[in-house]
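S.K.: Just dropping this structure here.
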Amino acid sequence: MKIEQAPPQLNRRAFIKKVLKGSVTGSLLLIYPMGGGDALDMLQPSTMPDMPEQIPGIRGKAYNIHERKFAFIVDITRCIGCGSCCVADKREYNVPDGYYRTWVERYIKDFDDQVYVDCPNGGLDGYQKPREDIDVQVRDTFFVPKLCNMCKETPCTQVCPVGATFTTPDGFVLMDSDRCVGCGYCIQACPYSSRFLNPVTHTAEKCTWCYHRVRKGLLPACVEVCPTGARKFGSLKDETSEVYKILKGPGVLTVLKEAMGTWPALYYLGARLEVI
Amino acid sequence: MSGFHEGSAMLLSNFVLPNDLHVHWSMMIVLYPYITGLVDGAFIIAALYYLFDIKTLKPVARFSLLFALAFLCCATIPLLLHLGRPERNFNMLLTPNPSSAMAGFGYIYAVSMGVLGFIVLFVYREDLVRLKQQSRGMMKLIYRLLTFDCDDLSPKAMALNERLIKILVGLGIPVAAVLHGYVGFIFGGVKANPTWSTPLMPVIFLFSACVSGISAIVLAYIVIRKLTGKAIDGPCIITCIKTLTGFFILAFSFEMLEVFSHSYLKSGYHHMVEGLLNGPLAASFWLWQVKICSGIPLVLLGVMAFIKLSQTRYNLLAAGVSAILLLQVFIMRWNVVIGGQLMSKSARGYTVFHPEWLDKEGILSVIVVMIIPFVILFVLGKIFPFWSDDRGESID
């Protein structure tokens, strides 16, 4: 039996009306303030209740800076090199072009154990295409996100002549750009090249693990946007946090340049021997 | 099959960490240790005469002090040009971080300046009193200030003057050593950079400082005396060159010892240091610093030590050797400061440095900064007579 379908009710006038309505509504949505659009507004205490708490146990309690301890874990086996973390970081801090608070490196290993590393534009554009400048049979490829290691024995704070960079009691290495003289000694001292001299402010700048967000119970921007959970951050005082479980668990964790004696609070899960 | 850690294999990808592409310490930081080195070396000459009583150095002793003072006045200029926020430079004195080697700079510099300034005033006291009595107007006021408005040249006062000079010069030697040794330590204390991180660094800096300072005094003495048509004191030049030879042998030995240690110990990142010296620094290190600017002076100094030459030829060679050694020390500073930063902390690659002409740390600024001490020296020469024989004394 043949099923007859009703002809579509296509009316040119109605169609154009719908398109116009849609365009106008869409345009209004783009320009109409939606609330919470401004990053600074989002962090105001008055608007905080609207934001879900990402690090439990911080909001609504007195922050005892001496009793807090945090850790950052990068799971290399999960990173897909999308660059979302780098974009989030650049937007969070308006990082000048050509300088990086965080970046993602691409490692390629061939069958002769030769390692090829690159990091075009700090990984901001994501690794969408394979490397074309090397002609080898690729055995393995992986991505390594890098950021401040938040060392316990910090070479950068040691050498700062004016004390503009300092370690907080809860373990964050931060910068006071109002005190920095821009000598660049901390940049030389950092074994991980996490620091740079901001060409606009002429002061040293570095990743802070988004301390301003953490103090409000929010995850660092790069952790929040990571689609695969390769970047993990949490409190070591919270036994339910993922970083606590990983750090206390049997898995093998490494730190970068261990021989430097810097004792980083940034750990790597699944980092190969080639990662420096 | 090559291991991942094999030097040559690691370098193929030439990976430079994204923030390492910028050379943050550029030519002004090359210039700063160069200038303090000239100060130290010149002061050593003065100290050899005033403290260790090496009489043959009398003709250049006073000039060395003025030369050191002129350059010390300019030691902070490269630093101020380098700082991102130079208007905050006093923070180093007001809120120093006690754990930072760099925080000591202001204090060390201030003490050096004070000690050197007083040495000059006491050494020149007799001349200043005489010139005060001869001069009028503004110059008289200047001399009144410089003599503390005291004309006492009695034997008792002069004996006290001599004692004060000896005490101040004795104090000045450790101060000068700290001023420049500390600059070496600024680099030697950076464990993140394998080419800098060596306890030899302050020693190398100190000896090379002596080399550059003595060379500068020899060259300046010969050139100024020639230009002003005055006699050049032979024994003085010979003593200077002998001292220079000793310091240069020490400086060069330690420079080579550092390279040899890296190569022999094969400690962490040695492949990067070797790659740096044989790659980006092949011309500036091996060719210029070692072969041309160290090899040739070693031969010439050997000739001057072992072969009898006429004083004219000896002076000519002395001026030539001094000029080459001044260049050697500058290139050495360049290779340490800029060369060390070419090596990325990725341990997989090297960046490049392109000096600019018009930048505040550019080539033009370097030239201007190096001219300023000579202008100051010229002005100082109008107040303090350079040479002992300017007042009619013999230069023996």
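Here, A, B, ... name the chains of the structure tokens in the order displayed, residue numbers run from 1 inside each chain, and ligands are numbered from 1 in the same displayed order.
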Give me, as an mmCIF file with C-alpha atoms, in the first residue's frame, the contact residues of chain A against chain B at a cut-off of 9 Å, counting only C-alpha atoms.
M.R.:
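So result.cif came out as:
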data_model
loop_
_atom_site.group_PDB
_atom_site.id
_atom_site.type_symbol
_atom_site.label_atom_id
_atom_site.label_comp_id
_atom_site.auth_asym_id
_atom_site.auth_seq_id
_atom_site.Cartn_x
_atom_site.Cartn_y
_atom_site.Cartn_z
ATOM 1 C CA GLY A 98 54.366 35.093 22.341
ATOM 2 C CA TYR A 99 54.469 34.559 26.129
ATOM 3 C CA TYR A 100 52.967 31.647 28.033
ATOM 4 C CA ARG A 101 51.836 30.956 31.566
ATOM 5 C CA TRP A 103 51.650 25.558 27.284
ATOM 6 C CA GLU A 105 54.219 20.308 24.162
ATOM 7 C CA PHE A 111 61.377 3.608 16.017
ATOM 8 C CA ASP A 112 64.988 4.718 16.540
ATOM 9 C CA ASP A 113 64.047 6.279 19.877
ATOM 10 C CA GLN A 114 64.595 9.701 18.386
ATOM 11 C CA VAL A 115 62.383 12.254 20.128
ATOM 12 C CA TYR A 116 60.930 15.221 18.308
ATOM 13 C CA VAL A 117 59.330 17.906 20.436
ATOM 14 C CA ASP A 118 57.502 20.994 19.273
ATOM 15 C CA CYS A 119 55.175 23.554 20.722
ATOM 16 C CA PRO A 120 53.950 25.944 18.014
ATOM 17 C CA ASN A 121 52.353 29.027 19.577
ATOM 18 C CA GLY A 122 52.497 27.285 22.940
ATOM 19 C CA PRO A 155 64.686 29.160 43.092
ATOM 20 C CA THR A 157 61.644 33.475 45.267
ATOM 21 C CA GLN A 158 65.154 32.876 46.543
ATOM 22 C CA VAL A 159 66.764 35.121 43.960
ATOM 23 C CA CYS A 160 64.182 37.925 43.746
ATOM 24 C CA PRO A 161 66.131 40.932 45.064
ATOM 25 C CA VAL A 162 63.068 42.817 46.326
ATOM 26 C CA GLY A 163 60.840 39.989 47.527
ATOM 27 C CA ALA A 164 58.278 40.670 44.808
ATOM 28 C CA ARG A 179 56.923 45.530 43.708
ATOM 29 C CA CYS A 180 58.706 43.796 40.835
ATOM 30 C CA VAL A 181 61.610 45.801 39.396
ATOM 31 C CA GLY A 182 61.760 43.709 36.219
ATOM 32 C CA CYS A 183 65.352 42.512 36.646
ATOM 33 C CA GLY A 184 64.550 39.077 35.212
ATOM 34 C CA TYR A 185 66.590 37.150 37.791
ATOM 35 C CA ILE A 187 63.208 34.111 34.956
ATOM 36 C CA GLN A 188 66.817 32.937 34.821
ATOM 37 C CA ALA A 189 66.428 30.969 38.052
ATOM 38 C CA CYS A 190 63.267 29.043 37.104
ATOM 39 C CA PRO A 191 64.399 25.623 35.819
ATOM 40 C CA TYR A 192 61.062 25.146 34.045
ATOM 41 C CA SER A 193 60.957 28.445 32.104
ATOM 42 C CA SER A 194 57.530 29.134 33.560
ATOM 43 C CA ARG A 195 58.206 32.840 33.876
ATOM 44 C CA PHE A 196 58.463 35.687 31.417
ATOM 45 C CA LEU A 197 58.784 39.442 31.437
ATOM 46 C CA PRO A 199 56.171 43.327 27.581
ATOM 47 C CA THR A 201 53.889 45.866 32.446
ATOM 48 C CA HIS A 202 57.666 45.193 32.200
ATOM 49 C CA THR A 203 57.376 42.971 35.268
ATOM 50 C CA ALA A 204 57.805 39.232 35.676
ATOM 51 C CA MET A 260 67.165 20.318 40.676
ATOM 52 C CA LEU A 273 61.423 9.306 30.469
ATOM 53 C CA GLU A 274 61.749 11.690 27.534
ATOM 54 C CA ILE A 276 62.081 17.108 30.676
#
S.K.: Running DSSP on the backbone, which parts of stretch 138-261 of chain A land in strand (DSSP E), as a PDB file with C-alpha atoms, in the first residue's frame?
M.R.:
ATOM      1  CA  VAL A 138      56.040   7.503  14.195  1.00  0.00           C
ATOM      2  CA  ARG A 139      56.000   4.989  17.014  1.00  0.00           C
ATOM      3  CA  ASP A 140      54.281   7.117  19.601  1.00  0.00           C
ATOM      4  CA  THR A 141      52.907  10.588  20.138  1.00  0.00           C
ATOM      5  CA  PHE A 142      51.846  12.253  23.319  1.00  0.00           C
ATOM      6  CA  PHE A 143      51.208  15.707  24.707  1.00  0.00           C
ATOM      7  CA  VAL A 144      52.711  17.277  27.815  1.00  0.00           C
ATOM      8  CA  PRO A 145      51.012  20.269  29.405  1.00  0.00           C
ATOM      9  CA  LYS A 146      53.396  22.509  31.350  1.00  0.00           C
ATOM     10  CA  THR A 165      57.743  36.958  44.352  1.00  0.00           C
ATOM     11  CA  PHE A 166      56.867  34.909  47.393  1.00  0.00           C
ATOM     12  CA  THR A 167      55.390  31.622  48.565  1.00  0.00           C
ATOM     13  CA  VAL A 173      54.253  30.892  44.440  1.00  0.00           C
ATOM     14  CA  LEU A 174      52.858  34.278  43.510  1.00  0.00           C
ATOM     15  CA  MET A 175      54.040  37.581  42.075  1.00  0.00           C
ATOM     16  CA  PHE A 196      58.463  35.687  31.417  1.00  0.00           C
ATOM     17  CA  LEU A 197      58.784  39.442  31.437  1.00  0.00           C
ATOM     18  CA  ALA A 204      57.805  39.232  35.676  1.00  0.00           C
ATOM     19  CA  GLU A 205      54.719  37.084  35.274  1.00  0.00           C
ATOM     20  CA  ARG A 231      44.619  18.470  34.400  1.00  0.00           C
ATOM     21  CA  LYS A 232      43.582  17.742  37.959  1.00  0.00           C
ATOM     22  CA  PHE A 233      43.638  20.066  40.913  1.00  0.00           C
ATOM     23  CA  GLY A 234      42.459  19.666  44.437  1.00  0.00           C
ATOM     24  CA  SER A 235      42.996  19.918  48.130  1.00  0.00           C
ATOM     25  CA  LEU A 253      53.992   9.844  39.784  1.00  0.00           C
ATOM     26  CA  THR A 254      56.949  11.911  38.697  1.00  0.00           C
TER      27      THR A 254
END
S.K.: Would you list the contacts of B:Leu179 as a list in words, taking every protein, DNA or RNA residue within 8 Å and counting only C-alpha atoms, but skipping same-chain residues closer than 5 positions in sequence?
M.R.: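 Returned residues: Thr36, Phe105, Ile108, Tyr109 and Ser112 of chain B.
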S.K.: What's the 10 Å shell around B:Ser215, counting only C-alpha atoms, without same-chain residues fewer than 3 positions away, as a count of residues only?
M.R.: 24
